[in-house]
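Below is one structure, written out as structure tokens; the observations come after it.
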Amino acid sequence: MSRRRIMKKRAGKIGDSPGSLVHIGEVSDTIPHLTALRYHPGGAEDLSLVDDVAKLAATVTPQSVTWINLDGLHDVELIKALGGAFSLHSLVLEDILDTDHRPKLEAGEGFLLLIAKKLTFHPERDDILSEQISLVVGSGYVISFQEKPGPLFDVLRQRIFADQGRVRKMGADYLAYRLLDTIVDHYFVILEQMGDHIEQLEEELLAQPDRQLLHRIHLGKREMILLRRAVWPLREVIGGLQRDDSGIVTPAVQPFLRDLYDHTIQIIDTVETYRDIITGLLDLYLSSISNRMNEIMKVLTIMSTLFIPLTFLVGVYGMNFDNLPELHWRWGYFALWGVMLSSVAGMFVFFRRKGWV
Amino acid sequence: MSRRRIMKKRAGKIGDSPGSLVHIGEVSDTIPHLTALRYHPGGAEDLSLVDDVAKLAATVTPQSVTWINLDGLHDVELIKALGGAFSLHSLVLEDILDTDHRPKLEAGEGFLLLIAKKLTFHPERDDILSEQISLVVGSGYVISFQEKPGPLFDVLRQRIFADQGRVRKMGADYLAYRLLDTIVDHYFVILEQMGDHIEQLEEELLAQPDRQLLHRIHLGKREMILLRRAVWPLREVIGGLQRDDSGIVTPAVQPFLRDLYDHTIQIIDTVETYRDIITGLLDLYLSSISNRMNEIMKVLTIMSTLFIPLTFLVGVYGMNFDNLPELHWRWGYFALWGVMLSSVAGMFVFFRRKGWV
Amino acid sequence: MSRRRIMKKRAGKIGDSPGSLVHIGEVSDTIPHLTALRYHPGGAEDLSLVDDVAKLAATVTPQSVTWINLDGLHDVELIKALGGAFSLHSLVLEDILDTDHRPKLEAGEGFLLLIAKKLTFHPERDDILSEQISLVVGSGYVISFQEKPGPLFDVLRQRIFADQGRVRKMGADYLAYRLLDTIVDHYFVILEQMGDHIEQLEEELLAQPDRQLLHRIHLGKREMILLRRAVWPLREVIGGLQRDDSGIVTPAVQPFLRDLYDHTIQIIDTVETYRDIITGLLDLYLSSISNRMNEIMKVLTIMSTLFIPLTFLVGVYGMNFDNLPELHWRWGYFALWGVMLSSVAGMFVFFRRKGWV
Amino acid sequence: MSRRRIMKKRAGKIGDSPGSLVHIGEVSDTIPHLTALRYHPGGAEDLSLVDDVAKLAATVTPQSVTWINLDGLHDVELIKALGGAFSLHSLVLEDILDTDHRPKLEAGEGFLLLIAKKLTFHPERDDILSEQISLVVGSGYVISFQEKPGPLFDVLRQRIFADQGRVRKMGADYLAYRLLDTIVDHYFVILEQMGDHIEQLEEELLAQPDRQLLHRIHLGKREMILLRRAVWPLREVIGGLQRDDSGIVTPAVQPFLRDLYDHTIQIIDTVETYRDIITGLLDLYLSSISNRMNEIMKVLTIMSTLFIPLTFLVGVYGMNFDNLPELHWRWGYFALWGVMLSSVAGMFVFFRRKGWV
Amino acid sequence: MSRRRIMKKRAGKIGDSPGSLVHIGEVSDTIPHLTALRYHPGGAEDLSLVDDVAKLAATVTPQSVTWINLDGLHDVELIKALGGAFSLHSLVLEDILDTDHRPKLEAGEGFLLLIAKKLTFHPERDDILSEQISLVVGSGYVISFQEKPGPLFDVLRQRIFADQGRVRKMGADYLAYRLLDTIVDHYFVILEQMGDHIEQLEEELLAQPDRQLLHRIHLGKREMILLRRAVWPLREVIGGLQRDDSGIVTPAVQPFLRDLYDHTIQIIDTVETYRDIITGLLDLYLSSISNRMNEIMKVLTIMSTLFIPLTFLVGVYGMNFDNLPELHWRWGYFALWGVMLSSVAGMFVFFRRKGWV
């Protein structure tokens, strides 16, 4: 069993100078991939072929929105170049590279840094995978960093080119909101899967509590802890965006952020409810086990209590004393059966009164 | 067992544009039904036959109160029309359609959105059903949205036509208060039913703890979690109404809101008390089970401890050794009975000292 | 077993208009009884014979203190008349009649409404009874409402007529303080009784944990929950009185309120301590039961482990094989006894090493 | 077993007028003893022989510090006289006499009242004794009230006469700080003793969990509850002193109060840690008991499972059927032993696979 | 077993004057060792040979940074001299010497005192060791106090001489930040080790719960308590540094402090998560033990229930009654085997239905 670690290895980092750029996290074997596009109400163009990020940065204007997306974080040089082109502090880049970072919002000079976690439930391993998404939002541009390539933002990209919805009419802050919204929507998927999972555990528990189930309840509890770690700080991030006074978040986006904040609250609420229920399942498990033990012990006690005295009795008449008068009675054997059967009957009455049979 | 889910299915929603209107929740087979009425201190008229909501909206005046009620949320077109007529933001309509929404208060431009949960206890299924009620309150009008048709607001409608109480003399804010008050009154009914239920569980538990009871205590605990989820945010909603500064809530309604707030506090207080008691019941259950186990084990131990040595003794004299002198003693058999009876007596003294018999 | 309900029946209330006056609570069979008196530094007169409350209200002056006390709440007409005479809002009267109300302080126009709970421990039923006391304090008058007639305020009434202490020299706010102080003093009595009760439970538990005790610990825990419900909000009530800015509470009474507040804090502190201890008792109970189980199982295991092998051995020599050489050895029987006794001795050494005997 | 009560008897107090002076607490048989001294940077004189407190009060000057100490609180007249001489409100005296009072700071007119608890661990009774120390601090004087005579403040008195440290150079506020500091230092002693105690419990628990230990863990938990009750409010007292604006606490004493506050925080922190550990010990106890039960049951099961089938087998050949062919086989007896030994061997393999032996 | 104590011995301290300098903690056998260095953007010089601290203090200038490091705290005279040279209050020195002090930040006159804990995991003893690091930061100087000599700050010292990174270009506040950062980085190492430890415990627990494991889970829980005690107050320390208004912390260092604060939050978050998981492990342990007990009891019950009735049956035909007809039947013996085998078969069906085999 090799579950996801709660903390990623960062051994090499200790003692380093602050702001030194080291990628913390699994090194995937894909090549980091940079895509870029620019849009304004009148149109959208793909800039993915421009491979000089400085040139990209130079053409950013507040009138259009430039969206740069980087899949994969292990090309530190590329990220340094991005940092240079958009004048991001080295501590900001360090935060982006530390894929074990807590979700947070930080205001830099002329930009906002948002860190969030995209979670996916991995059904085969019965495990939750966490991927860090970082957004740098400035005037006229958004840079998104994904740990691994994935289709997360593809739908949104297509909508931009197809000019669906209002995204082309709005600014960089709305784009950032849409990216966050996509991440938060994924939490609902996970919660739904977890809800099904918990309900299934509950039904199995009431049917037949076994060792395997205990293990699965424990895993479920652990997954809730991980979910909570991802969602609680996200609330602060979105709350912070709403209170942002840097001018990057425009009033037009506020109603959408309020809606997103509501969703986060609802997710937190559901996570807490699931935690309560899963904790209740453990108590239920322990009680069920005790119940079963009682049942087992009852069978043992009934059998022993019935037969141990009888075995004693037949032992008495198996003795070889020269002088054991009952052995020579004509109906002794049958009388003994009578005694034994009535003792069994008496036991039955006793068990019934105890409510055991 | 198919209990109410904690979260409703929203799979289709993921990736959609914000504000896209999709009804989340069970689709009932009834046709959504719109009723409307208008009243002022001088009279009340039924407008249910006006089927053009835009016409309804156009005739709203601050001097009278127009109350539009919609039973059933699956006619998305009708709701869009209402939204257009009363210029509600698409995110507001989305919240109304998402019947899994957390109770909340939101101030829009010129109106307030209130979302609350009406709970009903379903005795046959031993389950709590939750129905979302949304209210849009503006100057001179209230729009109420119910998930399913039901007689919830019928009493109030009759009182308006009959001009009972003060409702005709007050504004739209008072009508909204009365609708909320009706919902909150239903919580008292549920709490009373739950209180009876808990007391019954308690009595049965002290009489005879069985597996079935454990299941029911677990269900009770779960229902408390659901109740809590509905009531806690409601407190914020009513508290928010009291602090409202949009001018929609008039000072004349404040004493009534304070009263309603008191009721919510009392409901929360009672829910928390029930939770404490139900958690105590689980502990009591575990202790009772342990007690019963002790009793069972005592019977087993007493029986075994009494008869196992005796069985050994009679076994001794069932042996076929050529040279086993006691067998040939004249009173050997009777002496053995003496030994056995006094050993039983000794055991009794021992058990008594242990407090087992 | 018919314990006090946590919530009183209010079924008839649902759907009623707010402020409609219905008495919630047990209907006692005594007739509501109104007493009144008026005092000032120079003297005190009994006004109990004045049966027109309007006349009473008309003669209230800020220079003297008029104290009206009503025992029993089921004469709704009388309460309506009082409300009319002292111009109390119908919601205030509703709160007074709802004897299940949470302790609270509410500022009305020209008066304060205080709701508190008087608790008494009913030793025969091992139960805490709660009675609601409501006070309306205005300029120059106090109206106190008691659920049932009782001698609660008799001592104070006598002190007023006898001009003992400072009560005649102070205003209506001091009278209200003295009434609250009397109620709070009763909590100390209950806490003392509960303390004795808990100590007794503790001693019995360490002596002999039985099923009956479990039941009593459970009851004690439940009583603590009820106590807490009564005392916590009282703290807010008295704290609110201290911060009152309506002019009804004069600076001269502030030191007394501070003292009363201290008492409430001390009561809360003690209740919380008792809760902690009683929860600890349940844990102690479970551990004690487990301990006893261990002891029972040890006896069973020792007896079985000692005698089961011996029974096997004697069974061997009870077999009827034609060719069983040991049976014909001269000292076979005695040798067997030797083997058996040394096996018992070996077992003893084993048990001793395990620390079982 | 007669442990310290959590609440002291105050039955006689109920219904009394506020500010009536009654001593609540154990009446010790020693005579209350008043000592007094006065010091200034230039010298110190013993005033213990002045037995008229009014005369003492009249000679108090802000230029010197007068320290009056009273050992024993049951001479109510003397305390009344002190109250009169220093014009203390009767409610203040009532608080001093109520030795069950919660630690608190109260600002009177021209003086501060501080109530604290001195705790001592009574090793023979395995119990914590609590003694109330009250301090009245005014301009140029400190009055300290101790429940019982004791050497608590002797070291400080000697240092004053010997002019050690800075105490003679500072004012009454510094003296009060030093008295509080002495009390707080005692908490460290108790915590050290408790720490040793807990460690010893832990070691014994891991060696051999028995019934006696359970009792002692329970006592330890209870003592922690008492400690907590004494220390938590003390933090507020010292915090309040730091924020004092009555002019009694001078800026020169502030660094010392900050230091004292740090100590209180550290004590609270340690108490909370101990509570966590002691709660963990109870869980550990329960698990250890379960472990031992498992071990006991394993022995029983192994013995029974080994010998019960064998006993059955030898029973078979003890039967007296006329036609029981095996009995007449030449090597029947020895063949049976072979069967029995190999069944034992089989059982062993089974137990080993289960990990029981 | 001699674990680290939660509180260090301070018996000698009680009753002392405040500010009296006594070293609280283990006395190590090494000689305290003072090193000093001074640097500015242009260069760095080693001042370790200057053994007069007053001379060192006299040459401190705001233009350069003087870093004095003291390894070992048991030379009280040296510390007094340092205190005199840098005019530190005696209470500050007392805090530095009390190696059991809670992490804190205190502003003195012209300097800041920071107390933190360096933790190291001692794998052989399965224990966390805590060492107190105190920093005094003033204008142009930092004094660091370590409990024991160690290589903690060596890397930083080398970087200063080698002029790596930005440390030479920044002031004393940046040096203090770097020292704190080094300490905080060590927490990540510990957390990683603890994470591995917990995962290993989890795997072993699911494989085979034994007594040894219980002990280790208990230790893990205790270590978490110690970690928490060190980390929680550190957050306040760093938060306090960020809000510092003494002018010692310059704006240039603020982004670094914000980053450090983020790290502390992440550490606290991880510690809380570990605590949750470890508490879950204890529950899992208890459930696993109950599971195993069930399994053991099932074996016992099956064996007993199978063989006890059979033993009775063969006992019946071992009796010596003169008149026991079945004994003389030709196929009696074989018929009995038939009866016994079918009873065994019946039992099997019963066990299967119960789900035991």
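Residues are named by chain letter and number: chains run A, B, ... in the order of the structure tokens, numbers start at 1 in each chain, and ligands are numbered from 1 in the order shown.
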Contact table chain E vs chain B, cut-off 10 Å, shortest pair per residue, only C-alpha atoms, as JSON lines:
{"residue": "E:Gly315", "atom": "CA", "partner": "B:Gly315", "partner_atom": "CA", "distance": 9.9}
{"residue": "E:Gly318", "atom": "CA", "partner": "B:Gly318", "partner_atom": "CA", "distance": 8.8}
{"residue": "E:Met319", "atom": "CA", "partner": "B:Gly318", "partner_atom": "CA", "distance": 8.9}
{"residue": "E:Asn320", "atom": "CA", "partner": "B:Gly318", "partner_atom": "CA", "distance": 9.5}
Can I get the selected residues back with N, CA, C and O atoms, as a PDB file, in the first residue's frame?
ATOM      1  N   GLY E 315     -20.164 -39.980  26.690  1.00  0.00           N
ATOM      2  CA  GLY E 315     -20.257 -40.216  28.131  1.00  0.00           C
ATOM      3  C   GLY E 315     -21.442 -41.104  28.467  1.00  0.00           C
ATOM      4  O   GLY E 315     -21.359 -41.982  29.333  1.00  0.00           O
ATOM      5  N   GLY E 318     -20.701 -44.582  28.115  1.00  0.00           N
ATOM      6  CA  GLY E 318     -19.630 -45.063  28.980  1.00  0.00           C
ATOM      7  C   GLY E 318     -20.170 -45.418  30.351  1.00  0.00           C
ATOM      8  O   GLY E 318     -19.417 -45.825  31.238  1.00  0.00           O
ATOM      9  N   MET E 319     -21.488 -45.233  30.537  1.00  0.00           N
ATOM     10  CA  MET E 319     -22.072 -45.525  31.845  1.00  0.00           C
ATOM     11  C   MET E 319     -22.194 -47.024  32.048  1.00  0.00           C
ATOM     12  O   MET E 319     -22.258 -47.796  31.093  1.00  0.00           O
ATOM     13  N   ASN E 320     -22.197 -47.381  33.311  1.00  0.00           N
ATOM     14  CA  ASN E 320     -22.159 -48.801  33.652  1.00  0.00           C
ATOM     15  C   ASN E 320     -23.494 -49.364  34.121  1.00  0.00           C
ATOM     16  O   ASN E 320     -23.529 -50.305  34.910  1.00  0.00           O
TER      17      ASN E 320
END
Need to verify the contact set: A:Arg168, 7 Å, only C-alpha atoms, exclusion of same-chain residues closer than 3 positions in sequence. Can you return it as a ChimeraX atom specification? /A:39-41,160,163
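Within the 9 Å cut-off around C:Tyr285, using only C-alpha atoms and omitting residues fewer than 2 positions from it on the same chain, the listed residues are Ser287 of chain B; Leu205, Leu206, Pro209, Asp210, Leu213, Leu214, Gly280, Leu281, Leu282, Asp283, Ser287, Ser288, Ile289 and Ser290 of chain C.
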Do you have the atom CA of A:Ile302-atom CA of A:Phe350 distance handy? 10.3 Å
What parts of stretch 247-282 of chain E does DSSP call alpha helix (DSSP H)? I'd like the answer as a ChimeraX atom specification. /E:254-282
Long-range neighbours of D:Thr99 as a list in words, 8 Å cut-off, only C-alpha atoms, 6 positions minimum in chain: His23, Ile24, Gly25, Glu131, Gln132 and Glu147 of chain D
Which residues are near stretch 67-75 of chain C? Cut-off 6 Å, only C-alpha atoms, ignore same chain within fewer than 3 positions. Put them as a ChimeraX atom specification. /C:32-37,78,141-149
Could you write those residues out with N, CA and C atoms, as a short mmCIF file (atom, residue, chain, number, x, y, z; two decimals), in the first residue's frame?
data_model
loop_
_atom_site.label_atom_id
_atom_site.label_comp_id
_atom_site.auth_asym_id
_atom_site.auth_seq_id
_atom_site.Cartn_x
_atom_site.Cartn_y
_atom_site.Cartn_z
N PRO C 32 -54.95 31.60 39.26
CA PRO C 32 -53.89 32.62 39.24
C PRO C 32 -54.19 33.66 40.31
N HIS C 33 -53.15 34.11 40.95
CA HIS C 33 -53.31 34.94 42.14
C HIS C 33 -52.44 36.17 42.00
N LEU C 34 -53.04 37.36 42.08
CA LEU C 34 -52.30 38.60 41.91
C LEU C 34 -52.14 39.31 43.25
N THR C 35 -50.89 39.64 43.58
CA THR C 35 -50.65 40.44 44.79
C THR C 35 -49.93 41.70 44.35
N ALA C 36 -50.09 42.77 45.12
CA ALA C 36 -49.43 44.03 44.77
C ALA C 36 -49.06 44.76 46.05
N LEU C 37 -47.98 45.50 46.02
CA LEU C 37 -47.62 46.33 47.16
C LEU C 37 -46.86 47.52 46.62
N LEU C 78 -56.45 38.24 32.32
CA LEU C 78 -55.81 39.07 33.34
C LEU C 78 -54.48 39.60 32.80
N TYR C 141 -42.02 50.72 38.85
CA TYR C 141 -42.79 49.48 39.06
C TYR C 141 -42.02 48.25 38.58
N VAL C 142 -42.37 47.13 39.20
CA VAL C 142 -41.87 45.81 38.78
C VAL C 142 -43.07 44.88 38.74
N ILE C 143 -43.24 44.16 37.64
CA ILE C 143 -44.27 43.12 37.60
C ILE C 143 -43.56 41.78 37.48
N SER C 144 -43.84 40.88 38.40
CA SER C 144 -43.20 39.57 38.33
C SER C 144 -44.26 38.51 38.03
N PHE C 145 -43.94 37.61 37.11
CA PHE C 145 -44.85 36.54 36.72
C PHE C 145 -44.23 35.21 37.11
N GLN C 146 -44.94 34.41 37.92
CA GLN C 146 -44.46 33.09 38.28
C GLN C 146 -45.39 32.04 37.67
N GLU C 147 -44.80 30.92 37.26
CA GLU C 147 -45.62 29.88 36.64
C GLU C 147 -46.58 29.27 37.65
N LYS C 148 -46.07 29.05 38.86
CA LYS C 148 -46.87 28.40 39.90
C LYS C 148 -46.76 29.20 41.18
N PRO C 149 -47.77 29.18 42.05
CA PRO C 149 -47.63 29.85 43.33
C PRO C 149 -46.52 29.19 44.13
#
Can you list, as a PyMOL selection string, every protein, DNA or RNA residue that comes within 12 Å of E:Leu21 when you count only C-alpha atoms, leaving out same-chain residues fewer than 5 positions away? chain E and resi 12-13+16+73-80+83+89-98
Can you write just those residues out, N, CA and C atoms, as an mmCIF file, in the first residue's frame?
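What landed in out-v2.cif:
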data_model
loop_
_atom_site.group_PDB
_atom_site.id
_atom_site.type_symbol
_atom_site.label_atom_id
_atom_site.label_comp_id
_atom_site.auth_asym_id
_atom_site.auth_seq_id
_atom_site.Cartn_x
_atom_site.Cartn_y
_atom_site.Cartn_z
ATOM 1 N N GLY E 12 14.631 25.032 42.707
ATOM 2 C CA GLY E 12 15.465 26.024 43.383
ATOM 3 C C GLY E 12 14.985 27.454 43.196
ATOM 4 N N LYS E 13 14.186 27.682 42.130
ATOM 5 C CA LYS E 13 13.779 29.032 41.775
ATOM 6 C C LYS E 13 12.719 29.636 42.707
ATOM 7 N N ASP E 16 12.503 33.055 44.971
ATOM 8 C CA ASP E 16 13.555 33.978 44.592
ATOM 9 C C ASP E 16 12.983 35.324 44.192
ATOM 10 N N LEU E 73 24.389 27.803 28.178
ATOM 11 C CA LEU E 73 23.837 28.890 28.990
ATOM 12 C C LEU E 73 24.261 28.810 30.449
ATOM 13 N N HIS E 74 25.154 27.892 30.831
ATOM 14 C CA HIS E 74 25.387 27.725 32.254
ATOM 15 C C HIS E 74 26.471 28.647 32.813
ATOM 16 N N ASP E 75 27.015 29.534 31.984
ATOM 17 C CA ASP E 75 27.941 30.531 32.536
ATOM 18 C C ASP E 75 27.160 31.821 32.793
ATOM 19 N N VAL E 76 26.526 31.882 33.975
ATOM 20 C CA VAL E 76 25.623 32.996 34.282
ATOM 21 C C VAL E 76 26.368 34.321 34.272
ATOM 22 N N GLU E 77 27.649 34.314 34.683
ATOM 23 C CA GLU E 77 28.410 35.565 34.750
ATOM 24 C C GLU E 77 28.582 36.171 33.352
ATOM 25 N N LEU E 78 28.899 35.312 32.389
ATOM 26 C CA LEU E 78 29.075 35.770 31.013
ATOM 27 C C LEU E 78 27.784 36.419 30.501
ATOM 28 N N ILE E 79 26.666 35.763 30.817
ATOM 29 C CA ILE E 79 25.383 36.283 30.355
ATOM 30 C C ILE E 79 25.063 37.602 31.028
ATOM 31 N N LYS E 80 25.396 37.718 32.317
ATOM 32 C CA LYS E 80 25.215 38.992 33.014
ATOM 33 C C LYS E 80 26.029 40.089 32.349
ATOM 34 N N GLY E 83 24.385 41.085 29.225
ATOM 35 C CA GLY E 83 23.225 41.893 29.578
ATOM 36 C C GLY E 83 23.638 43.312 29.927
ATOM 37 N N HIS E 89 17.325 44.256 30.347
ATOM 38 C CA HIS E 89 16.654 44.170 31.644
ATOM 39 C C HIS E 89 16.930 42.797 32.250
ATOM 40 N N SER E 90 17.017 42.734 33.591
ATOM 41 C CA SER E 90 17.335 41.440 34.200
ATOM 42 C C SER E 90 16.228 40.417 33.923
ATOM 43 N N LEU E 91 14.969 40.880 33.745
ATOM 44 C CA LEU E 91 13.900 39.921 33.423
ATOM 45 C C LEU E 91 14.129 39.279 32.055
ATOM 46 N N VAL E 92 14.734 40.027 31.133
ATOM 47 C CA VAL E 92 15.055 39.485 29.815
ATOM 48 C C VAL E 92 16.077 38.372 29.948
ATOM 49 N N LEU E 93 17.104 38.625 30.744
ATOM 50 C CA LEU E 93 18.128 37.590 30.943
ATOM 51 C C LEU E 93 17.517 36.368 31.618
ATOM 52 N N GLU E 94 16.615 36.614 32.579
ATOM 53 C CA GLU E 94 15.955 35.498 33.259
ATOM 54 C C GLU E 94 15.191 34.637 32.253
ATOM 55 N N ASP E 95 14.494 35.286 31.321
ATOM 56 C CA ASP E 95 13.764 34.540 30.290
ATOM 57 C C ASP E 95 14.713 33.706 29.439
ATOM 58 N N ILE E 96 15.881 34.280 29.100
ATOM 59 C CA ILE E 96 16.840 33.560 28.260
ATOM 60 C C ILE E 96 17.367 32.336 28.992
ATOM 61 N N LEU E 97 17.598 32.485 30.292
ATOM 62 C CA LEU E 97 18.167 31.385 31.071
ATOM 63 C C LEU E 97 17.134 30.291 31.367
ATOM 64 N N ASP E 98 15.870 30.665 31.415
ATOM 65 C CA ASP E 98 14.824 29.680 31.685
ATOM 66 C C ASP E 98 14.560 28.913 30.400
#
In stretch 51-287 of chain D, DSSP strand (DSSP E) residues written as JSON, numbers by chain: {"D": [65, 66, 67, 68, 69, 70, 71, 104, 105, 106, 107, 111, 112, 113, 114, 115, 116, 117, 118, 119, 120, 121, 122, 127, 128, 129, 130, 131, 132, 133, 134, 135, 136, 137, 138, 141, 142, 143, 144, 145, 146]}
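The space separating atom CA of C:Val184 from atom CA of B:Arg258 comes to 26.4 Å.
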Atom-to-atom span, atom CA of B:Glu204 and atom CA of C:Ile128, Å: 22.0 Å
Please provide the set of residues having any atom within 8 Å of E:Lys117, restricted to only C-alpha atoms, with same-chain residues fewer than 4 positions apart removed, written as a PyMOL selection string. chain E and resi 103+130-133+183+230
What would the file look like if the residues just selected were written as a tab-separated table (two decimals), in the first residue's frame with N, CA and C atoms?
chain	number	residue	atom	x	y	z
E	103	PRO	N	7.81	29.95	23.60
E	103	PRO	CA	8.23	30.86	22.55
E	103	PRO	C	7.50	32.19	22.69
E	130	SER	N	14.06	19.09	22.55
E	130	SER	CA	13.77	20.49	22.33
E	130	SER	C	14.92	21.33	22.88
E	131	GLU	N	15.39	22.26	22.07
E	131	GLU	CA	16.46	23.14	22.52
E	131	GLU	C	15.97	24.58	22.34
E	132	GLN	N	16.20	25.40	23.36
E	132	GLN	CA	15.71	26.78	23.27
E	132	GLN	C	16.76	27.66	22.60
E	133	ILE	N	16.30	28.44	21.62
E	133	ILE	CA	17.15	29.42	20.96
E	133	ILE	C	16.56	30.80	21.26
E	183	ILE	N	15.52	27.70	11.91
E	183	ILE	CA	14.81	26.92	12.93
E	183	ILE	C	13.53	26.33	12.35
E	230	ALA	N	5.39	23.80	20.75
E	230	ALA	CA	6.50	24.60	20.23
E	230	ALA	C	6.04	25.49	19.08
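Take the candidates E:Val299, E:Ala44, E:Ile190, E:Ala162 and check each one against E:Leu119 using only C-alpha atoms; the shortest distance goes to E:Ile190.
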